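Asker: Supplied structure: start13.pdb, PDB, N, CA, C and O atoms.
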```
ATOM      1  N   MET A   1       3.765 -14.487 -43.594
ATOM      2  CA  MET A   1       4.525 -14.173 -42.408
ATOM      3  C   MET A   1       5.836 -14.958 -42.464
ATOM      4  O   MET A   1       5.833 -16.159 -42.635
ATOM      5  N   LEU A   2       6.926 -14.248 -42.313
ATOM      6  CA  LEU A   2       8.229 -14.897 -42.306
ATOM      7  C   LEU A   2       8.548 -15.407 -40.911
ATOM      8  O   LEU A   2       8.278 -14.753 -39.922
ATOM      9  N   TYR A   3       9.143 -16.559 -40.867
ATOM     10  CA  TYR A   3       9.498 -17.164 -39.584
ATOM     11  C   TYR A   3      10.972 -17.485 -39.623
ATOM     12  O   TYR A   3      11.451 -18.151 -40.528
ATOM     13  N   HIS A   4      11.698 -16.994 -38.649
ATOM     14  CA  HIS A   4      13.128 -17.249 -38.606
ATOM     15  C   HIS A   4      13.448 -17.932 -37.290
ATOM     16  O   HIS A   4      13.232 -17.390 -36.218
ATOM     17  N   ARG A   5      13.951 -19.115 -37.392
ATOM     18  CA  ARG A   5      14.207 -19.955 -36.220
ATOM     19  C   ARG A   5      15.225 -19.302 -35.274
ATOM     20  O   ARG A   5      15.059 -19.326 -34.059
ATOM     21  N   LYS A   6      16.275 -18.705 -35.813
ATOM     22  CA  LYS A   6      17.325 -18.111 -34.998
ATOM     23  C   LYS A   6      16.756 -17.000 -34.113
ATOM     24  O   LYS A   6      17.049 -16.923 -32.925
ATOM     25  N   TRP A   7      15.942 -16.125 -34.681
ATOM     26  CA  TRP A   7      15.365 -15.027 -33.911
ATOM     27  C   TRP A   7      14.429 -15.543 -32.843
ATOM     28  O   TRP A   7      14.352 -14.992 -31.741
ATOM     29  N   ASN A   8      13.714 -16.581 -33.155
ATOM     30  CA  ASN A   8      12.794 -17.162 -32.187
ATOM     31  C   ASN A   8      13.567 -17.701 -30.983
ATOM     32  O   ASN A   8      13.155 -17.528 -29.843
ATOM     33  N   ILE A   9      14.703 -18.335 -31.211
ATOM     34  CA  ILE A   9      15.533 -18.874 -30.134
ATOM     35  C   ILE A   9      16.110 -17.734 -29.295
ATOM     36  O   ILE A   9      16.095 -17.776 -28.068
ATOM     37  N   ILE A  10      16.610 -16.694 -29.949
ATOM     38  CA  ILE A  10      17.175 -15.551 -29.232
ATOM     39  C   ILE A  10      16.096 -14.871 -28.386
ATOM     40  O   ILE A  10      16.322 -14.561 -27.221
ATOM     41  N   MET A  11      14.926 -14.675 -28.953
ATOM     42  CA  MET A  11      13.835 -14.049 -28.205
ATOM     43  C   MET A  11      13.430 -14.916 -27.032
ATOM     44  O   MET A  11      13.157 -14.419 -25.950
ATOM     45  N   SER A  12      13.413 -16.207 -27.228
ATOM     46  CA  SER A  12      13.047 -17.133 -26.163
ATOM     47  C   SER A  12      14.067 -17.086 -25.031
ATOM     48  O   SER A  12      13.709 -17.091 -23.867
ATOM     49  N   GLU A  13      15.368 -17.017 -25.381
ATOM     50  CA  GLU A  13      16.411 -16.938 -24.367
ATOM     51  C   GLU A  13      16.305 -15.629 -23.587
ATOM     52  O   GLU A  13      16.452 -15.610 -22.364
ATOM     53  N   ASP A  14      16.062 -14.527 -24.287
ATOM     54  CA  ASP A  14      15.883 -13.235 -23.623
ATOM     55  C   ASP A  14      14.683 -13.272 -22.681
ATOM     56  O   ASP A  14      14.741 -12.766 -21.561
ATOM     57  N   LEU A  15      13.616 -13.872 -23.145
ATOM     58  CA  LEU A  15      12.421 -13.973 -22.327
ATOM     59  C   LEU A  15      12.684 -14.827 -21.086
ATOM     60  O   LEU A  15      12.263 -14.472 -19.982
ATOM     61  N   ASP A  16      13.399 -15.918 -21.254
ATOM     62  CA  ASP A  16      13.749 -16.773 -20.120
ATOM     63  C   ASP A  16      14.601 -16.019 -19.103
ATOM     64  O   ASP A  16      14.400 -16.147 -17.897
ATOM     65  N   LYS A  17      15.556 -15.225 -19.585
ATOM     66  CA  LYS A  17      16.399 -14.433 -18.679
ATOM     67  C   LYS A  17      15.563 -13.426 -17.904
ATOM     68  O   LYS A  17      15.728 -13.262 -16.697
ATOM     69  N   LYS A  18      14.662 -12.770 -18.607
ATOM     70  CA  LYS A  18      13.817 -11.774 -17.943
ATOM     71  C   LYS A  18      12.902 -12.431 -16.918
ATOM     72  O   LYS A  18      12.691 -11.901 -15.821
ATOM     73  N   ILE A  19      12.369 -13.579 -17.245
ATOM     74  CA  ILE A  19      11.516 -14.312 -16.305
ATOM     75  C   ILE A  19      12.326 -14.712 -15.075
ATOM     76  O   ILE A  19      11.853 -14.581 -13.942
ATOM     77  N   ASP A  20      13.548 -15.181 -15.276
ATOM     78  CA  ASP A  20      14.411 -15.536 -14.148
ATOM     79  C   ASP A  20      14.712 -14.324 -13.276
ATOM     80  O   ASP A  20      14.674 -14.404 -12.040
ATOM     81  N   GLN A  21      14.993 -13.186 -13.893
ATOM     82  CA  GLN A  21      15.269 -11.962 -13.132
ATOM     83  C   GLN A  21      14.041 -11.544 -12.324
ATOM     84  O   GLN A  21      14.157 -11.184 -11.150
ATOM     85  N   LEU A  22      12.894 -11.597 -12.957
ATOM     86  CA  LEU A  22      11.661 -11.229 -12.260
ATOM     87  C   LEU A  22      11.357 -12.196 -11.117
ATOM     88  O   LEU A  22      10.918 -11.774 -10.045
ATOM     89  N   THR A  23      11.609 -13.462 -11.332
ATOM     90  CA  THR A  23      11.386 -14.461 -10.286
ATOM     91  C   THR A  23      12.276 -14.180  -9.089
ATOM     92  O   THR A  23      11.829 -14.248  -7.941
ATOM     93  N   LYS A  24      13.537 -13.841  -9.347
ATOM     94  CA  LYS A  24      14.454 -13.514  -8.255
ATOM     95  C   LYS A  24      13.990 -12.275  -7.491
ATOM     96  O   LYS A  24      14.047 -12.226  -6.260
ATOM     97  N   LYS A  25      13.517 -11.277  -8.222
ATOM     98  CA  LYS A  25      13.037 -10.062  -7.577
ATOM     99  C   LYS A  25      11.793 -10.344  -6.727
ATOM    100  O   LYS A  25      11.659  -9.829  -5.616
ATOM    101  N   VAL A  26      10.894 -11.152  -7.243
ATOM    102  CA  VAL A  26       9.685 -11.502  -6.498
ATOM    103  C   VAL A  26      10.063 -12.280  -5.235
ATOM    104  O   VAL A  26       9.516 -12.030  -4.151
ATOM    105  N   ASP A  27      11.007 -13.201  -5.359
ATOM    106  CA  ASP A  27      11.464 -13.967  -4.193
ATOM    107  C   ASP A  27      12.080 -13.049  -3.137
ATOM    108  O   ASP A  27      11.823 -13.193  -1.939
ATOM    109  N   LYS A  28      12.870 -12.077  -3.576
ATOM    110  CA  LYS A  28      13.494 -11.131  -2.655
ATOM    111  C   LYS A  28      12.421 -10.277  -1.964
ATOM    112  O   LYS A  28      12.482 -10.057  -0.749
ATOM    113  N   LEU A  29      11.444  -9.826  -2.723
ATOM    114  CA  LEU A  29      10.350  -9.051  -2.141
ATOM    115  C   LEU A  29       9.563  -9.881  -1.131
ATOM    116  O   LEU A  29       9.181  -9.388  -0.067
ATOM    117  N   GLN A  30       9.335 -11.141  -1.444
ATOM    118  CA  GLN A  30       8.592 -12.016  -0.532
ATOM    119  C   GLN A  30       9.363 -12.203   0.766
ATOM    120  O   GLN A  30       8.776 -12.183   1.848
ATOM    121  N   ASP A  31      10.677 -12.370   0.676
ATOM    122  CA  ASP A  31      11.510 -12.486   1.880
ATOM    123  C   ASP A  31      11.420 -11.213   2.722
ATOM    124  O   ASP A  31      11.305 -11.272   3.952
ATOM    125  N   THR A  32      11.456 -10.069   2.060
ATOM    126  CA  THR A  32      11.356  -8.794   2.772
ATOM    127  C   THR A  32      10.011  -8.667   3.475
ATOM    128  O   THR A  32       9.943  -8.284   4.644
ATOM    129  N   VAL A  33       8.950  -9.009   2.786
ATOM    130  CA  VAL A  33       7.609  -8.938   3.372
ATOM    131  C   VAL A  33       7.505  -9.908   4.554
ATOM    132  O   VAL A  33       6.944  -9.561   5.602
ATOM    133  N   ASP A  34       8.035 -11.107   4.409
ATOM    134  CA  ASP A  34       8.001 -12.087   5.500
ATOM    135  C   ASP A  34       8.749 -11.572   6.726
ATOM    136  O   ASP A  34       8.260 -11.696   7.855
ATOM    137  N   ASN A  35       9.932 -10.989   6.515
ATOM    138  CA  ASN A  35      10.711 -10.451   7.632
ATOM    139  C   ASN A  35       9.976  -9.296   8.311
ATOM    140  O   ASN A  35       9.939  -9.219   9.551
ATOM    141  N   LEU A  36       9.408  -8.400   7.528
ATOM    142  CA  LEU A  36       8.661  -7.286   8.101
ATOM    143  C   LEU A  36       7.425  -7.770   8.857
ATOM    144  O   LEU A  36       7.077  -7.236   9.910
ATOM    145  N   SER A  37       6.789  -8.784   8.340
ATOM    146  CA  SER A  37       5.611  -9.346   8.998
ATOM    147  C   SER A  37       5.981  -9.932  10.356
ATOM    148  O   SER A  37       5.261  -9.726  11.346
ATOM    149  N   LYS A  38       7.093 -10.649  10.411
ATOM    150  CA  LYS A  38       7.555 -11.215  11.690
ATOM    151  C   LYS A  38       7.853 -10.111  12.694
ATOM    152  O   LYS A  38       7.473 -10.199  13.868
ATOM    153  N   LYS A  39       8.531  -9.051  12.246
ATOM    154  CA  LYS A  39       8.846  -7.931  13.136
ATOM    155  C   LYS A  39       7.567  -7.254  13.626
ATOM    156  O   LYS A  39       7.452  -6.897  14.802
ATOM    157  N   LEU A  40       6.607  -7.055  12.736
ATOM    158  CA  LEU A  40       5.357  -6.413  13.103
ATOM    159  C   LEU A  40       4.588  -7.263  14.113
ATOM    160  O   LEU A  40       4.065  -6.739  15.098
ATOM    161  N   GLU A  41       4.523  -8.567  13.882
ATOM    162  CA  GLU A  41       3.840  -9.458  14.819
ATOM    163  C   GLU A  41       4.509  -9.417  16.187
ATOM    164  O   GLU A  41       3.822  -9.398  17.220
ATOM    165  N   LYS A  42       5.836  -9.392  16.217
ATOM    166  CA  LYS A  42       6.563  -9.319  17.475
ATOM    167  C   LYS A  42       6.257  -8.006  18.188
ATOM    168  O   LYS A  42       6.029  -7.973  19.402
ATOM    169  N   HIS A  43       6.234  -6.917  17.443
ATOM    170  CA  HIS A  43       5.959  -5.605  18.022
ATOM    171  C   HIS A  43       4.528  -5.540  18.564
ATOM    172  O   HIS A  43       4.298  -5.017  19.659
ATOM    173  N   ILE A  44       3.571  -6.048  17.814
ATOM    174  CA  ILE A  44       2.181  -6.054  18.266
ATOM    175  C   ILE A  44       2.045  -6.888  19.533
ATOM    176  O   ILE A  44       1.335  -6.506  20.469
ATOM    177  N   GLY A  45       2.740  -8.023  19.576
ATOM    178  CA  GLY A  45       2.726  -8.853  20.790
ATOM    179  C   GLY A  45       3.269  -8.091  21.989
ATOM    180  O   GLY A  45       2.706  -8.154  23.092
ATOM    181  N   PHE A  46       4.352  -7.353  21.779
ATOM    182  CA  PHE A  46       4.938  -6.554  22.853
ATOM    183  C   PHE A  46       3.950  -5.492  23.334
ATOM    184  O   PHE A  46       3.762  -5.294  24.545
ATOM    185  N   ILE A  47       3.303  -4.820  22.407
ATOM    186  CA  ILE A  47       2.328  -3.792  22.774
ATOM    187  C   ILE A  47       1.162  -4.411  23.538
ATOM    188  O   ILE A  47       0.717  -3.865  24.554
ATOM    189  N   ASP A  48       0.674  -5.552  23.077
ATOM    190  CA  ASP A  48      -0.428  -6.225  23.775
ATOM    191  C   ASP A  48      -0.035  -6.595  25.198
ATOM    192  O   ASP A  48      -0.812  -6.403  26.138
ATOM    193  N   GLU A  49       1.164  -7.142  25.371
ATOM    194  CA  GLU A  49       1.624  -7.517  26.710
ATOM    195  C   GLU A  49       1.785  -6.285  27.597
ATOM    196  O   GLU A  49       1.408  -6.299  28.774
ATOM    197  N   THR A  50       2.332  -5.217  27.043
ATOM    198  CA  THR A  50       2.518  -3.982  27.810
ATOM    199  C   THR A  50       1.173  -3.390  28.205
ATOM    200  O   THR A  50       0.971  -2.992  29.359
ATOM    201  N   TYR A  51       0.246  -3.345  27.284
ATOM    202  CA  TYR A  51      -1.064  -2.779  27.574
ATOM    203  C   TYR A  51      -1.802  -3.619  28.606
ATOM    204  O   TYR A  51      -2.497  -3.072  29.465
ATOM    205  N   GLU A  52      -1.655  -4.937  28.527
ATOM    206  CA  GLU A  52      -2.334  -5.823  29.482
ATOM    207  C   GLU A  52      -1.924  -5.484  30.909
ATOM    208  O   GLU A  52      -2.751  -5.447  31.810
ATOM    209  N   GLY A  53      -0.654  -5.181  31.106
ATOM    210  CA  GLY A  53      -0.173  -4.815  32.441
ATOM    211  C   GLY A  53      -0.630  -3.436  32.874
ATOM    212  O   GLY A  53      -0.684  -3.145  34.071
ATOM    213  N   LEU A  54      -0.951  -2.583  31.938
ATOM    214  CA  LEU A  54      -1.370  -1.211  32.256
ATOM    215  C   LEU A  54      -2.890  -1.039  32.273
ATOM    216  O   LEU A  54      -3.383   0.013  32.681
ATOM    217  N   LYS A  55      -3.601  -2.036  31.828
ATOM    218  CA  LYS A  55      -5.042  -1.896  31.672
ATOM    219  C   LYS A  55      -5.728  -1.549  32.994
ATOM    220  O   LYS A  55      -6.524  -0.616  33.060
ATOM    221  N   ASN A  56      -5.426  -2.270  34.053
ATOM    222  CA  ASN A  56      -6.081  -2.006  35.338
ATOM    223  C   ASN A  56      -5.728  -0.633  35.901
ATOM    224  O   ASN A  56      -6.629   0.082  36.355
ATOM    225  N   PRO A  57      -4.454  -0.201  35.934
ATOM    226  CA  PRO A  57      -4.168   1.154  36.428
ATOM    227  C   PRO A  57      -4.832   2.246  35.596
ATOM    228  O   PRO A  57      -5.298   3.246  36.134
ATOM    229  N   ILE A  58      -4.900   2.062  34.293
ATOM    230  CA  ILE A  58      -5.549   3.060  33.437
ATOM    231  C   ILE A  58      -7.040   3.118  33.755
ATOM    232  O   ILE A  58      -7.624   4.200  33.887
ATOM    233  N   GLU A  59      -7.658   1.979  33.905
ATOM    234  CA  GLU A  59      -9.086   1.927  34.235
ATOM    235  C   GLU A  59      -9.345   2.556  35.597
ATOM    236  O   GLU A  59     -10.309   3.312  35.776
ATOM    237  N   ALA A  60      -8.478   2.288  36.564
ATOM    238  CA  ALA A  60      -8.635   2.872  37.901
ATOM    239  C   ALA A  60      -8.495   4.390  37.839
ATOM    240  O   ALA A  60      -9.270   5.121  38.478
ATOM    241  N   ALA A  61      -7.533   4.893  37.094
ATOM    242  CA  ALA A  61      -7.341   6.338  36.964
ATOM    243  C   ALA A  61      -8.537   6.974  36.264
ATOM    244  O   ALA A  61      -8.995   8.057  36.652
ATOM    245  N   ARG A  62      -9.063   6.313  35.272
ATOM    246  CA  ARG A  62     -10.213   6.847  34.557
ATOM    247  C   ARG A  62     -11.434   6.939  35.474
ATOM    248  O   ARG A  62     -12.154   7.932  35.489
ATOM    249  N   ARG A  63     -11.646   5.895  36.292
ATOM    250  CA  ARG A  63     -12.765   5.910  37.245
ATOM    251  C   ARG A  63     -12.560   7.018  38.284
ATOM    252  O   ARG A  63     -13.494   7.712  38.654
ATOM    253  N   PHE A  64     -11.316   7.185  38.743
ATOM    254  CA  PHE A  64     -11.011   8.210  39.747
ATOM    255  C   PHE A  64     -11.283   9.608  39.202
ATOM    256  O   PHE A  64     -11.827  10.477  39.893
ATOM    257  N   LEU A  65     -10.895   9.842  37.953
ATOM    258  CA  LEU A  65     -11.067  11.167  37.357
ATOM    259  C   LEU A  65     -12.516  11.497  37.018
ATOM    260  O   LEU A  65     -12.870  12.666  36.852
ATOM    261  N   ARG A  66     -13.363  10.510  36.913
ATOM    262  CA  ARG A  66     -14.785  10.745  36.599
ATOM    263  C   ARG A  66     -15.538  11.309  37.797
ATOM    264  O   ARG A  66     -16.608  11.850  37.655
ATOM    265  N   ARG A  67     -15.016  11.134  39.001
ATOM    266  CA  ARG A  67     -15.713  11.580  40.220
ATOM    267  C   ARG A  67     -15.905  13.039  40.257
ATOM    268  O   ARG A  67     -15.400  13.924  39.832
TER     269      ARG A  67
END
```
I'd like the structure from this file rewritten - as structure tokens, please.

Answerer:
Amino acid sequence: MLYHRKWNIIMSEDLDKKIDQLTKKVDKLQDTVDNLSKKLEKHIGFIDETYEGLKNPIEAARRFLRR
């Protein structure tokens, strides 16, 4: 097996660049997921608060309609 030091260095540099690019992409994706998660949690909180205020009128209407 032939071994050439120059090619090994070039391949290593290319691999390092690709790893850096992938790391940046993963970091960007993680930021996007974190932002979406925060928005979703905020939205779910809003829905829970809204439903809590409507729970009693909905229950009363349901009982009224069962008669």

Asker: Would you mind reading off the distance between atom N of Lys39 in chain A and CA of Gly53 in chain A, one decimal, in Å?

Answerer: 22.4 Å

Asker: Between atom O of Asn56 in chain A and atom C of Lys42 in chain A, what is the distance, to one decimal in Å?

Answerer: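 So the answer is 23.7 Å.
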
Asker: How big is the axis-aligned box around all listed atoms of range 37-45 of chain A once 6 Å goes on each side, and where's its centre, in Å to one decimal, as lines of an AutoDock Vina configuration file?

Answerer:
```
center_x = 5.1
center_y = -8.1
center_z = 15.7
size_x = 19.5
size_y = 18.2
size_z = 26.8
```

Asker: Just to confirm, what's the straight-line distance from atom O of Asp34 in chain A to atom C of Tyr51 in chain A in Å (one decimal)?

Answerer: 24.4 Å
